[in-house]
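One file, work-v1.cif, carrying mmCIF, C-alpha atoms:
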data_entry
#
loop_
_atom_site.group_PDB
_atom_site.id
_atom_site.type_symbol
_atom_site.label_atom_id
_atom_site.label_comp_id
_atom_site.auth_asym_id
_atom_site.auth_seq_id
_atom_site.Cartn_x
_atom_site.Cartn_y
_atom_site.Cartn_z
ATOM 1 C CA MET T 696 2.089 -9.136 21.688
ATOM 2 C CA THR T 697 4.238 -8.975 18.583
ATOM 3 C CA SER T 698 4.305 -9.006 14.818
ATOM 4 C CA GLN T 699 8.045 -9.591 14.998
ATOM 5 C CA THR T 700 10.071 -12.668 15.709
ATOM 6 C CA PRO T 701 12.371 -12.291 18.715
ATOM 7 C CA SER T 702 15.431 -12.242 16.479
ATOM 8 C CA SER T 703 14.068 -9.444 14.314
ATOM 9 C CA ALA T 704 12.439 -7.278 16.928
ATOM 10 C CA GLY T 705 15.778 -6.058 18.214
ATOM 11 C CA GLU T 706 15.588 -3.173 20.637
ATOM 12 C CA HIS T 707 12.146 -2.012 19.472
ATOM 13 C CA GLU T 708 8.896 -2.700 21.228
ATOM 14 C CA PRO T 709 6.747 -4.878 18.931
ATOM 15 C CA VAL T 710 3.513 -3.843 17.222
ATOM 16 C CA MET T 711 0.426 -6.016 16.808
ATOM 17 C CA PRO T 712 -1.930 -5.046 13.959
ATOM 18 C CA THR T 713 -5.681 -4.868 14.539
ATOM 19 C CA ARG T 714 -8.421 -5.677 12.039
ATOM 20 C CA ARG T 715 -10.915 -2.793 11.742
ATOM 21 C CA ASP T 716 -14.152 -2.911 9.764
ATOM 22 C CA LEU T 717 -14.463 0.681 8.571
ATOM 23 C CA HIS T 718 -16.477 2.435 5.875
ATOM 24 C CA PHE T 719 -15.598 5.789 4.359
ATOM 25 C CA SER T 720 -18.738 6.911 2.466
ATOM 26 C CA LEU T 721 -16.726 8.289 -0.421
ATOM 27 C CA PRO T 722 -18.522 10.913 -2.556
ATOM 28 C CA ALA T 723 -18.600 9.332 -6.014
ATOM 29 C CA ALA T 724 -18.875 12.692 -7.749
ATOM 30 C CA ARG T 725 -15.411 13.642 -6.475
ATOM 31 C CA VAL T 726 -13.482 10.529 -7.536
ATOM 32 C CA GLY T 727 -11.712 12.367 -10.370
ATOM 33 C CA ASP T 728 -10.802 15.537 -8.500
ATOM 34 C CA TRP T 729 -10.646 14.722 -4.800
ATOM 35 C CA HIS T 730 -7.050 15.863 -4.273
ATOM 36 C CA ASP T 731 -6.360 19.565 -3.698
ATOM 37 C CA GLN T 732 -3.496 19.431 -6.235
ATOM 38 C CA GLY T 733 -5.881 18.679 -9.069
ATOM 39 C CA ARG T 734 -7.105 15.869 -11.251
ATOM 40 C CA HIS T 735 -3.726 14.486 -12.281
ATOM 41 C CA VAL T 736 -2.585 14.005 -8.682
ATOM 42 C CA SER T 737 -6.016 12.548 -7.869
ATOM 43 C CA HIS T 738 -5.525 10.036 -10.660
ATOM 44 C CA PHE T 739 -2.032 9.149 -9.432
ATOM 45 C CA PHE T 740 -3.649 7.957 -6.199
ATOM 46 C CA ASN T 741 -6.541 6.396 -8.137
ATOM 47 C CA ALA T 742 -4.011 4.445 -10.194
ATOM 48 C CA LEU T 743 -2.505 3.098 -6.972
ATOM 49 C CA SER T 744 -5.982 2.217 -5.731
ATOM 50 C CA LEU T 745 -6.598 0.043 -8.781
ATOM 51 C CA PHE T 746 -3.755 -2.254 -7.718
ATOM 52 C CA PHE T 747 -4.896 -2.751 -4.152
ATOM 53 C CA PRO T 748 -7.834 -5.203 -4.257
ATOM 54 C CA ASP T 749 -6.090 -7.941 -6.231
ATOM 55 C CA GLY T 750 -2.673 -6.993 -4.933
ATOM 56 C CA GLU T 751 -3.855 -7.418 -1.347
ATOM 57 C CA ARG T 752 -5.405 -10.783 -2.239
ATOM 58 C CA PHE T 753 -2.066 -11.851 -3.725
ATOM 59 C CA PHE T 754 -0.310 -10.884 -0.470
ATOM 60 C CA ILE T 755 -2.833 -12.867 1.564
ATOM 61 C CA HIS T 756 -2.353 -15.876 -0.731
ATOM 62 C CA ALA T 757 1.450 -15.708 -0.441
ATOM 63 C CA VAL T 758 1.508 -15.389 3.355
ATOM 64 C CA ARG T 759 -1.272 -17.912 4.003
ATOM 65 C CA HIS T 760 0.666 -20.614 2.131
ATOM 66 C CA TYR T 761 3.359 -20.588 4.848
ATOM 67 C CA ARG T 762 1.049 -20.156 7.805
ATOM 68 C CA ALA T 763 1.223 -23.792 8.886
ATOM 69 C CA GLN T 764 5.006 -23.522 9.166
ATOM 70 C CA ILE T 765 4.784 -20.794 11.826
ATOM 71 C CA ALA T 766 4.982 -22.131 15.362
ATOM 72 C CA GLU T 767 5.167 -18.844 17.247
ATOM 73 C CA PRO T 768 1.663 -17.948 18.545
ATOM 74 C CA GLN T 769 2.293 -14.204 18.412
ATOM 75 C CA LEU T 770 3.320 -14.310 14.769
ATOM 76 C CA GLN T 771 0.321 -16.540 14.018
ATOM 77 C CA GLN T 772 -1.902 -13.873 15.609
ATOM 78 C CA ALA T 773 -0.174 -11.155 13.614
ATOM 79 C CA VAL T 774 -0.734 -13.097 10.375
ATOM 80 C CA THR T 775 -4.447 -13.383 11.176
ATOM 81 C CA ALA T 776 -4.643 -9.625 11.735
ATOM 82 C CA PHE T 777 -2.596 -8.976 8.577
ATOM 83 C CA ILE T 778 -5.034 -11.019 6.501
ATOM 84 C CA GLY T 779 -7.985 -9.185 8.064
ATOM 85 C CA GLN T 780 -6.508 -5.761 7.410
ATOM 86 C CA GLU T 781 -5.582 -6.554 3.825
ATOM 87 C CA ALA T 782 -9.076 -7.895 3.163
ATOM 88 C CA MET T 783 -10.599 -4.633 4.449
ATOM 89 C CA HIS T 784 -8.238 -2.574 2.315
ATOM 90 C CA GLY T 785 -9.259 -4.541 -0.748
ATOM 91 C CA ARG T 786 -12.950 -4.057 -0.003
ATOM 92 C CA GLU T 787 -12.761 -0.297 0.487
ATOM 93 C CA HIS T 788 -10.584 0.278 -2.558
ATOM 94 C CA THR T 789 -12.900 -1.887 -4.654
ATOM 95 C CA GLU T 790 -15.671 0.555 -3.772
ATOM 96 C CA CYS T 791 -13.459 3.479 -4.696
ATOM 97 C CA ASN T 792 -12.450 1.861 -7.973
ATOM 98 C CA ALA T 793 -16.072 1.190 -8.938
ATOM 99 C CA MET T 794 -16.658 4.943 -8.796
ATOM 100 C CA LEU T 795 -14.152 5.395 -11.605
ATOM 101 C CA ASP T 796 -16.400 3.420 -13.940
ATOM 102 C CA GLU T 797 -19.419 5.400 -12.805
ATOM 103 C CA ALA T 798 -17.473 8.487 -13.877
ATOM 104 C CA GLY T 799 -16.820 7.008 -17.328
ATOM 105 C CA LEU T 800 -13.207 6.057 -16.599
ATOM 106 C CA PRO T 801 -11.598 2.651 -17.330
ATOM 107 C CA GLY T 802 -11.393 1.437 -13.748
ATOM 108 C CA ALA T 803 -12.832 -2.044 -14.300
ATOM 109 C CA ARG T 804 -10.697 -2.673 -17.381
ATOM 110 C CA LEU T 805 -7.496 -1.698 -15.585
ATOM 111 C CA GLN T 806 -8.407 -3.691 -12.494
ATOM 112 C CA ARG T 807 -9.039 -6.762 -14.679
ATOM 113 C CA PHE T 808 -5.480 -6.422 -15.933
ATOM 114 C CA VAL T 809 -4.225 -6.477 -12.322
ATOM 115 C CA PHE T 810 -6.328 -9.565 -11.616
ATOM 116 C CA ARG T 811 -4.951 -11.401 -14.650
ATOM 117 C CA PHE T 812 -1.404 -10.358 -13.775
ATOM 118 C CA THR T 813 -1.596 -11.540 -10.173
ATOM 119 C CA GLU T 814 -3.210 -14.817 -11.250
ATOM 120 C CA PHE T 815 -0.366 -15.281 -13.751
ATOM 121 C CA MET T 816 2.175 -14.764 -10.957
ATOM 122 C CA LYS T 817 0.401 -17.343 -8.821
ATOM 123 C CA ARG T 818 0.671 -19.859 -11.660
ATOM 124 C CA VAL T 819 4.284 -19.327 -12.727
ATOM 125 C CA LEU T 820 6.207 -18.157 -9.663
ATOM 126 C CA PRO T 821 7.457 -20.561 -6.995
ATOM 127 C CA LYS T 822 5.827 -19.992 -3.622
ATOM 128 C CA SER T 823 9.048 -18.558 -2.216
ATOM 129 C CA SER T 824 9.183 -16.011 -5.053
ATOM 130 C CA GLN T 825 5.567 -15.054 -4.411
ATOM 131 C CA LEU T 826 6.472 -14.341 -0.800
ATOM 132 C CA SER T 827 9.581 -12.421 -1.922
ATOM 133 C CA VAL T 828 7.424 -10.226 -4.172
ATOM 134 C CA THR T 829 4.979 -9.776 -1.300
ATOM 135 C CA ILE T 830 7.573 -8.544 1.196
ATOM 136 C CA ALA T 831 9.034 -6.271 -1.493
ATOM 137 C CA LEU T 832 5.668 -4.673 -2.273
ATOM 138 C CA GLU T 833 4.866 -4.463 1.428
ATOM 139 C CA HIS T 834 8.112 -2.507 1.793
ATOM 140 C CA LEU T 835 7.081 -0.163 -1.013
ATOM 141 C CA THR T 836 3.669 0.436 0.531
ATOM 142 C CA ALA T 837 5.194 0.908 3.999
ATOM 143 C CA ILE T 838 7.661 3.576 2.896
ATOM 144 C CA MET T 839 4.990 5.358 0.844
ATOM 145 C CA ALA T 840 2.689 5.203 3.863
ATOM 146 C CA ASN T 841 5.417 6.711 6.023
ATOM 147 C CA SER T 842 5.817 9.597 3.567
ATOM 148 C CA LEU T 843 2.088 10.239 3.666
ATOM 149 C CA LEU T 844 1.938 10.161 7.466
ATOM 150 C CA GLN T 845 4.979 12.330 8.088
ATOM 151 C CA ASP T 846 3.745 15.254 5.955
ATOM 152 C CA SER T 847 0.110 16.323 6.173
ATOM 153 C CA ARG T 848 0.375 18.043 2.787
ATOM 154 C CA VAL T 849 0.321 14.685 0.986
ATOM 155 C CA VAL T 850 -3.455 14.330 1.533
ATOM 156 C CA GLY T 851 -4.191 16.808 4.285
ATOM 157 C CA GLU T 852 -6.109 19.337 2.202
ATOM 158 C CA ALA T 853 -7.878 16.755 0.051
ATOM 159 C CA GLU T 854 -11.604 15.980 0.117
ATOM 160 C CA PRO T 855 -12.050 14.712 3.708
ATOM 161 C CA HIS T 856 -13.586 11.294 2.969
ATOM 162 C CA PHE T 857 -10.859 10.355 0.485
ATOM 163 C CA ALA T 858 -8.186 11.796 2.786
ATOM 164 C CA ARG T 859 -9.427 9.587 5.631
ATOM 165 C CA LEU T 860 -9.381 6.526 3.370
ATOM 166 C CA TRP T 861 -5.743 7.095 2.461
ATOM 167 C CA ARG T 862 -4.657 7.944 6.007
ATOM 168 C CA TRP T 863 -6.366 4.781 7.297
ATOM 169 C CA HIS T 864 -4.638 2.674 4.667
ATOM 170 C CA ALA T 865 -1.279 4.272 5.467
ATOM 171 C CA LEU T 866 -1.740 3.738 9.202
ATOM 172 C CA GLU T 867 -2.615 0.069 8.841
ATOM 173 C CA GLU T 868 0.184 -0.529 6.330
ATOM 174 C CA THR T 869 2.496 0.890 8.976
ATOM 175 C CA GLU T 870 0.930 -1.232 11.689
ATOM 176 C CA HIS T 871 1.457 -4.507 9.824
ATOM 177 C CA LYS T 872 4.559 -3.621 7.829
ATOM 178 C CA ALA T 873 6.711 -6.316 9.478
ATOM 179 C CA VAL T 874 4.298 -9.249 9.369
ATOM 180 C CA ALA T 875 5.014 -10.672 5.897
ATOM 181 C CA TYR T 876 8.724 -9.994 6.416
ATOM 182 C CA ASP T 877 8.691 -11.916 9.694
ATOM 183 C CA VAL T 878 6.986 -14.821 7.950
ATOM 184 C CA TRP T 879 9.763 -14.732 5.364
ATOM 185 C CA ALA T 880 12.477 -14.652 8.051
ATOM 186 C CA THR T 881 10.801 -17.510 9.921
ATOM 187 C CA VAL T 882 10.275 -19.914 7.031
ATOM 188 C CA MET T 883 13.219 -18.988 4.775
ATOM 189 C CA GLY T 884 15.928 -18.285 7.321
ATOM 190 C CA ARG T 885 18.970 -16.131 6.694
ATOM 191 C CA ASN T 886 21.437 -17.252 4.045
ATOM 192 C CA PRO T 887 23.040 -15.662 0.956
ATOM 193 C CA LEU T 888 20.629 -17.229 -1.537
ATOM 194 C CA ARG T 889 17.557 -16.023 0.347
ATOM 195 C CA TYR T 890 19.132 -12.565 0.729
ATOM 196 C CA LEU T 891 19.699 -12.457 -3.041
ATOM 197 C CA GLN T 892 16.134 -13.605 -3.687
ATOM 198 C CA ARG T 893 14.827 -10.887 -1.370
ATOM 199 C CA CYS T 894 16.842 -8.184 -3.145
ATOM 200 C CA ILE T 895 15.828 -9.382 -6.599
ATOM 201 C CA GLY T 896 12.214 -9.300 -5.413
ATOM 202 C CA LEU T 897 12.363 -5.585 -4.601
ATOM 203 C CA ILE T 898 14.208 -4.645 -7.788
ATOM 204 C CA THR T 899 11.778 -6.626 -9.941
ATOM 205 C CA ALA T 900 8.690 -5.377 -8.106
ATOM 206 C CA SER T 901 9.841 -1.758 -8.424
ATOM 207 C CA LEU T 902 10.662 -2.079 -12.121
ATOM 208 C CA VAL T 903 7.220 -3.572 -12.829
ATOM 209 C CA PHE T 904 5.032 -1.654 -10.388
ATOM 210 C CA TRP T 905 5.996 1.959 -11.056
ATOM 211 C CA PRO T 906 5.774 1.795 -14.883
ATOM 212 C CA LEU T 907 2.342 0.154 -14.518
ATOM 213 C CA VAL T 908 1.206 2.893 -12.123
ATOM 214 C CA THR T 909 2.332 5.487 -14.677
ATOM 215 C CA ILE T 910 0.471 3.709 -17.487
ATOM 216 C CA PHE T 911 -2.670 3.430 -15.364
ATOM 217 C CA MET T 912 -2.507 7.122 -14.475
ATOM 218 C CA TRP T 913 -2.055 7.994 -18.151
ATOM 219 C CA GLN T 914 -5.091 5.869 -19.082
ATOM 220 C CA LEU T 915 -7.216 7.569 -16.407
ATOM 221 C CA THR T 916 -6.167 11.112 -17.318
ATOM 222 C CA ARG T 917 -6.596 10.430 -21.033
ATOM 223 C CA ALA T 918 -10.183 9.247 -20.418
ATOM 224 C CA ASP T 919 -11.013 12.194 -18.123
ATOM 225 C CA ALA T 920 -12.081 15.336 -20.003
ATOM 226 C CA GLY T 921 -11.392 17.440 -16.930
ATOM 227 C CA ALA T 922 -7.850 16.097 -16.676
ATOM 228 C CA ARG T 923 -7.235 16.678 -20.379
ATOM 229 C CA ALA T 924 -8.217 20.305 -19.866
ATOM 230 C CA GLU T 925 -5.960 20.677 -16.808
ATOM 231 C CA ARG T 926 -2.854 22.567 -17.865
ATOM 232 C CA GLY T 927 0.468 21.369 -16.504
ATOM 233 C CA GLY T 928 -1.064 18.358 -14.763
ATOM 234 C CA TRP T 929 1.831 15.967 -15.309
ATOM 235 C CA ARG T 930 4.374 18.620 -14.349
ATOM 236 C CA ARG T 931 2.404 19.363 -11.173
ATOM 237 C CA THR T 932 2.276 15.666 -10.331
ATOM 238 C CA LEU T 933 6.034 15.242 -10.739
ATOM 239 C CA ARG T 934 6.621 18.303 -8.576
ATOM 240 C CA PHE T 935 4.196 16.971 -5.972
ATOM 241 C CA LEU T 936 5.796 13.515 -5.879
ATOM 242 C CA PHE T 937 9.475 14.472 -6.013
ATOM 243 C CA VAL T 938 9.834 18.100 -4.901
ATOM 244 C CA ASN T 939 7.158 19.516 -2.622
ATOM 245 C CA PRO T 940 6.014 17.723 -0.519
ATOM 246 C CA GLY T 941 7.938 14.996 -2.355
ATOM 247 C CA PRO T 942 6.608 11.739 -0.842
ATOM 248 C CA LEU T 943 8.504 9.531 -3.302
ATOM 249 C CA ARG T 944 11.715 11.504 -2.851
ATOM 250 C CA ARG T 945 11.393 11.079 0.911
ATOM 251 C CA ALA T 946 11.004 7.319 0.494
ATOM 252 C CA THR T 947 14.161 6.826 -1.591
ATOM 253 C CA GLY T 948 16.564 6.268 1.297
ATOM 254 C CA GLU T 949 14.236 3.786 2.941
ATOM 255 C CA TRP T 950 13.953 1.915 -0.369
ATOM 256 C CA PHE T 951 17.743 1.391 -0.403
ATOM 257 C CA ASP T 952 17.790 0.291 3.241
ATOM 258 C CA TYR T 953 16.020 -2.898 2.160
ATOM 259 C CA PHE T 954 19.305 -4.134 0.650
ATOM 260 C CA LYS T 955 21.105 -4.204 4.012
ATOM 261 C CA PRO T 956 21.689 -7.873 4.945
ATOM 262 C CA GLY T 957 20.326 -7.284 8.455
ATOM 263 C CA PHE T 958 17.368 -5.155 7.385
ATOM 264 C CA HIS T 959 14.086 -5.332 9.261
ATOM 265 C CA PRO T 960 11.036 -3.090 8.623
ATOM 266 C CA TRP T 961 10.915 -1.815 12.204
ATOM 267 C CA GLN T 962 14.389 -0.363 11.854
ATOM 268 C CA HIS T 963 12.288 2.448 10.363
ATOM 269 C CA ASP T 964 10.534 2.929 13.677
ATOM 270 C CA ASN T 965 7.650 5.290 12.928
ATOM 271 C CA ARG T 966 5.167 3.880 15.419
ATOM 272 C CA GLU T 967 4.486 7.376 16.736
ATOM 273 C CA TYR T 968 2.183 7.918 13.753
ATOM 274 C CA LEU T 969 -0.051 5.090 14.953
ATOM 275 C CA GLY T 970 -1.382 7.527 17.513
ATOM 276 C CA GLY T 971 -3.394 8.939 14.609
ATOM 277 C CA ILE T 972 -5.638 5.863 14.507
ATOM 278 C CA GLU T 973 -7.905 6.905 17.378
ATOM 279 C CA PRO T 974 -8.568 10.432 16.021
ATOM 280 C CA LEU T 975 -9.371 8.890 12.652
ATOM 281 C CA LEU T 976 -11.841 6.483 14.247
ATOM 282 C CA ARG T 977 -13.470 9.381 16.103
ATOM 283 C CA ASP T 978 -13.806 11.316 12.831
ATOM 284 C CA LEU T 979 -15.469 8.339 11.187
ATOM 285 C CA ASP T 980 -17.833 7.852 14.126
ATOM 286 C CA ALA T 981 -18.752 11.539 14.094
ATOM 287 C CA GLY T 982 -19.440 11.368 10.364
ATOM 288 C CA ALA T 983 -21.627 8.301 10.776
ATOM 289 C CA LEU T 984 -23.647 10.025 13.509
ATOM 290 C CA ALA T 985 -24.085 13.126 11.354
ATOM 291 C CA ARG T 986 -25.379 11.057 8.440
ATOM 292 C CA ALA T 987 -27.772 9.173 10.731
ATOM 293 C CA ALA T 988 -29.159 12.469 12.061
#
Take the structure I supplied and represent it as structure tokens, if you would.
Amino acid sequence: MTSQTPSSAGEHEPVMPTRRDLHFSLPAARVGDWHDQGRHVSHFFNALSLFFPDGERFFIHAVRHYRAQIAEPQLQQAVTAFIGQEAMHGREHTECNAMLDEAGLPGARLQRFVFRFTEFMKRVLPKSSQLSVTIALEHLTAIMANSLLQDSRVVGEAEPHFARLWRWHALEETEHKAVAYDVWATVMGRNPLRYLQRCIGLITASLVFWPLVTIFMWQLTRADAGARAERGGWRRTLRFLFVNPGPLRRATGEWFDYFKPGFHPWQHDNREYLGGIEPLLRDLDAGALARAA
């Protein structure tokens, strides 16, 4: 089974995503300091989390619009799984984001901004541009997920429930990273105008997304008394992201690969990390049994 069209799969064996209904029982008291690198790094990830529920719904909306134009049964099946996975991601991050408000942080206000922004894009952008933005942001999430999976230091020493949430999200983003792109390739074809539209989508998405993440992180740390008291928090975050372990630095080359005319997400073939799904499921099952006991 495949999430790739025959023309895009190339020499790689295809990957079919799977919808999983998982719960992570996050400890609400730790939402502001769950990462071992401190509150600022925790709030960097929390800022990302605030984008996911409405961002994932935007992706579903953009891909679903073209679903009727897909004749290939395997890609149809992959789209169904993609929608299911994105819906689960949105649900679990909504729960995480609600904990920010319980902690006195502006989670709901920031998430409302994301909702209004994605609704604005639905109103003003052509459907093809919505799909272009979707495949661009899916590329960003895929390369960030790869950085998380390839170096255990990114979340490995964090509070275990939050660490499992982020590993699960990274694994499933990897699993379905080609689906929206294959929809694009199927319905848009390959021509210079569509290539230009695809490239503009990534440049625009990057120029909008990362400043907003920074603003959201600043809002969260400003509202968090513990973060305000944390000395060198922003410097530590920059070192974490770009030096050691440097997940954003690691992703830079893969970001540029998107501009190759013949690019396909599975040219970054990191399927070996998907072997981490079963251990994660066993950890979750063991945790559920322990709570039941």
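Counting all atoms listed in the file, T:Arg923 has the following residues at most 12 Å away, ignoring those fewer than 4 positions along the same chain: T:Gly727, T:Gly733, T:Arg734, T:His735, T:His738, T:Trp913, T:Gln914, T:Leu915, T:Thr916, T:Arg917, T:Ala918, T:Asp919, T:Gly927, T:Gly928, T:Trp929.
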Restricted to C-alpha atoms, what would the selected residues look like written as a compact mmCIF listing (two decimals), keeping the file's coordinate frame?
# COMPACT_ATOMS: atom_id res chain seq x y z
CA GLY T 727 -11.71 12.37 -10.37
CA GLY T 733 -5.88 18.68 -9.07
CA ARG T 734 -7.10 15.87 -11.25
CA HIS T 735 -3.73 14.49 -12.28
CA HIS T 738 -5.52 10.04 -10.66
CA TRP T 913 -2.06 7.99 -18.15
CA GLN T 914 -5.09 5.87 -19.08
CA LEU T 915 -7.22 7.57 -16.41
CA THR T 916 -6.17 11.11 -17.32
CA ARG T 917 -6.60 10.43 -21.03
CA ALA T 918 -10.18 9.25 -20.42
CA ASP T 919 -11.01 12.19 -18.12
CA GLY T 927 0.47 21.37 -16.50
CA GLY T 928 -1.06 18.36 -14.76
CA TRP T 929 1.83 15.97 -15.31
Near T:Ser823, within 10 Å and counting only C-alpha atoms, which residues show up once chain neighbours fewer than 4 positions away are dropped, as an mmCIF file with C-alpha atoms, in the coordinates of the input?
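The result, stored in result35.cif:
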data_model
loop_
_atom_site.group_PDB
_atom_site.id
_atom_site.type_symbol
_atom_site.label_atom_id
_atom_site.label_comp_id
_atom_site.auth_asym_id
_atom_site.auth_seq_id
_atom_site.Cartn_x
_atom_site.Cartn_y
_atom_site.Cartn_z
ATOM 1 C CA ALA T 757 1.450 -15.708 -0.441
ATOM 2 C CA VAL T 758 1.508 -15.389 3.355
ATOM 3 C CA HIS T 760 0.666 -20.614 2.131
ATOM 4 C CA TYR T 761 3.359 -20.588 4.848
ATOM 5 C CA SER T 827 9.581 -12.421 -1.922
ATOM 6 C CA VAL T 828 7.424 -10.226 -4.172
ATOM 7 C CA THR T 829 4.979 -9.776 -1.300
ATOM 8 C CA TRP T 879 9.763 -14.732 5.364
ATOM 9 C CA VAL T 882 10.275 -19.914 7.031
ATOM 10 C CA MET T 883 13.219 -18.988 4.775
ATOM 11 C CA ARG T 889 17.557 -16.023 0.347
ATOM 12 C CA GLN T 892 16.134 -13.605 -3.687
ATOM 13 C CA ARG T 893 14.827 -10.887 -1.370
#
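Counting only C-alpha atoms, the residue from T:Ser744, T:Ser737, T:Glu870, T:Glu767 that sits nearest to T:Pro712 is T:Glu870.
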Subject >> Ref. answer, residues at most 9 Å from (-1.1, -2.0, 9.3) with only C-alpha atoms, as a count of residues only >> reply: 20
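In this comparison, which uses all atoms listed in the file, the residue of T:Ile765, T:Ala831, T:Leu860, T:Ile895 approaching T:Ile972 most closely is T:Leu860.
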Original post:
Residues picked by the PyMOL selection byres ((chain T and resi 730) around 10) here, as a list in words?
Top reply: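 Evaluating the PyMOL selection byres ((chain T and resi 730) around 10) on this file yields Arg725, Val726, Gly727, Asp728, Trp729, Asp731, Gln732, Gly733, Arg734, His735, Val736, Ser737, His738, Phe739, Phe740, Val849, Val850, Gly851, Glu852, Ala853, Glu854, Pro855, Phe857 and Ala858 of chain T.
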Test item: which residues lie within 12 Å of (8.1, -5.4, -1.5) counting only C-alpha atoms, as a short mmCIF file (atom, residue, chain, number, x, y, z; two decimals) with C-alpha atoms, in the coordinates of the input:
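That gives us out.cif:
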data_model
loop_
_atom_site.label_atom_id
_atom_site.label_comp_id
_atom_site.auth_asym_id
_atom_site.auth_seq_id
_atom_site.Cartn_x
_atom_site.Cartn_y
_atom_site.Cartn_z
CA GLY T 750 -2.67 -6.99 -4.93
CA PHE T 754 -0.31 -10.88 -0.47
CA SER T 824 9.18 -16.01 -5.05
CA GLN T 825 5.57 -15.05 -4.41
CA LEU T 826 6.47 -14.34 -0.80
CA SER T 827 9.58 -12.42 -1.92
CA VAL T 828 7.42 -10.23 -4.17
CA THR T 829 4.98 -9.78 -1.30
CA ILE T 830 7.57 -8.54 1.20
CA ALA T 831 9.03 -6.27 -1.49
CA LEU T 832 5.67 -4.67 -2.27
CA GLU T 833 4.87 -4.46 1.43
CA HIS T 834 8.11 -2.51 1.79
CA LEU T 835 7.08 -0.16 -1.01
CA THR T 836 3.67 0.44 0.53
CA ALA T 837 5.19 0.91 4.00
CA ILE T 838 7.66 3.58 2.90
CA MET T 839 4.99 5.36 0.84
CA LYS T 872 4.56 -3.62 7.83
CA ALA T 873 6.71 -6.32 9.48
CA ALA T 875 5.01 -10.67 5.90
CA TYR T 876 8.72 -9.99 6.42
CA TRP T 879 9.76 -14.73 5.36
CA GLN T 892 16.13 -13.60 -3.69
CA ARG T 893 14.83 -10.89 -1.37
CA CYS T 894 16.84 -8.18 -3.14
CA ILE T 895 15.83 -9.38 -6.60
CA GLY T 896 12.21 -9.30 -5.41
CA LEU T 897 12.36 -5.58 -4.60
CA ILE T 898 14.21 -4.64 -7.79
CA THR T 899 11.78 -6.63 -9.94
CA ALA T 900 8.69 -5.38 -8.11
CA SER T 901 9.84 -1.76 -8.42
CA LEU T 902 10.66 -2.08 -12.12
CA VAL T 903 7.22 -3.57 -12.83
CA PHE T 904 5.03 -1.65 -10.39
CA GLU T 949 14.24 3.79 2.94
CA TRP T 950 13.95 1.92 -0.37
CA PHE T 951 17.74 1.39 -0.40
CA TYR T 953 16.02 -2.90 2.16
CA PHE T 954 19.30 -4.13 0.65
CA PRO T 960 11.04 -3.09 8.62
#
Original post:
Hey, which of T:Arg762, T:Arg848, T:His959, T:His756 ends up closest to T:Leu936? Count only C-alpha atoms.
Top reply: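 Of T:Arg762, T:Arg848, T:His959, T:His756, the one nearest T:Leu936, counting only C-alpha atoms, is T:Arg848.
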Original post:
Of the candidates T:Arg759, T:His963, T:His718, T:Arg804, which shows the shortest atom-to-atom distance to T:His784, using all atoms listed in the file?
Top reply: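 For T:His784, the nearest of the given residues is T:His718.
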**OP:** Skip T:Asn965 itself and residues of its chain fewer than 3 positions away, then list as JSON, numbers by chain all residues within 8 Å of it, counting only C-alpha atoms.
**Re:** {"T": [841, 869, 961, 968, 969]}
Expansion of the PyMOL selection byres ((chain T and resi 803) around 12) into residues, as a short mmCIF file (atom, residue, chain, number, x, y, z; two decimals) with C-alpha atoms, in the coordinates of the input:
data_model
loop_
_atom_site.label_atom_id
_atom_site.label_comp_id
_atom_site.auth_asym_id
_atom_site.auth_seq_id
_atom_site.Cartn_x
_atom_site.Cartn_y
_atom_site.Cartn_z
CA ALA T 742 -4.01 4.44 -10.19
CA SER T 744 -5.98 2.22 -5.73
CA LEU T 745 -6.60 0.04 -8.78
CA PHE T 746 -3.76 -2.25 -7.72
CA PRO T 748 -7.83 -5.20 -4.26
CA THR T 789 -12.90 -1.89 -4.65
CA GLU T 790 -15.67 0.56 -3.77
CA CYS T 791 -13.46 3.48 -4.70
CA ASN T 792 -12.45 1.86 -7.97
CA ALA T 793 -16.07 1.19 -8.94
CA MET T 794 -16.66 4.94 -8.80
CA LEU T 795 -14.15 5.40 -11.60
CA ASP T 796 -16.40 3.42 -13.94
CA GLU T 797 -19.42 5.40 -12.80
CA ALA T 798 -17.47 8.49 -13.88
CA GLY T 799 -16.82 7.01 -17.33
CA LEU T 800 -13.21 6.06 -16.60
CA PRO T 801 -11.60 2.65 -17.33
CA GLY T 802 -11.39 1.44 -13.75
CA ARG T 804 -10.70 -2.67 -17.38
CA LEU T 805 -7.50 -1.70 -15.58
CA GLN T 806 -8.41 -3.69 -12.49
CA ARG T 807 -9.04 -6.76 -14.68
CA PHE T 808 -5.48 -6.42 -15.93
CA VAL T 809 -4.22 -6.48 -12.32
CA PHE T 810 -6.33 -9.56 -11.62
CA PHE T 911 -2.67 3.43 -15.36
CA LEU T 915 -7.22 7.57 -16.41
#
Original post:
atom CA of T:Gln769 and atom CA of T:Ile755 are how many Å apart?
Top reply: 17.7 Å
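If you look at atom CA of T:Gly884 and atom CA of T:Gly957, they are 11.9 Å away from each other.
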**OP:** In Å, rounded to a single decimal, give me how far atom CA of T:Glu751 is from atom CA of T:Ile778.
**Re:**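 According to the coordinates, atom CA of T:Ile778 and atom CA of T:Glu751 are separated by 8.7 Å.
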Taking all atoms of stretch 716-727 of chain T that the file lists and extending 6 Å past them on each side, where is the centre of the axis-aligned box and how long are its edges? Answer in Å to one decimal, as JSON.
{"center_x": -15.3, "center_y": 5.4, "center_z": -0.3, "size_x": 19.2, "size_y": 28.6, "size_z": 32.1}
Original post:
Pick from T:Pro709, T:Gly971, T:Pro821, T:Pro906: nearest to T:Leu770, with all atoms listed in the file counted?
Top reply: T:Pro709
Subject >> Among listed residues T:Asn886, T:Ser842, T:Thr881, T:Gln962, nearest T:Phe937 (using only C-alpha atoms) >> reply: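 With only C-alpha atoms as the atom set, the closest residue is T:Ser842.
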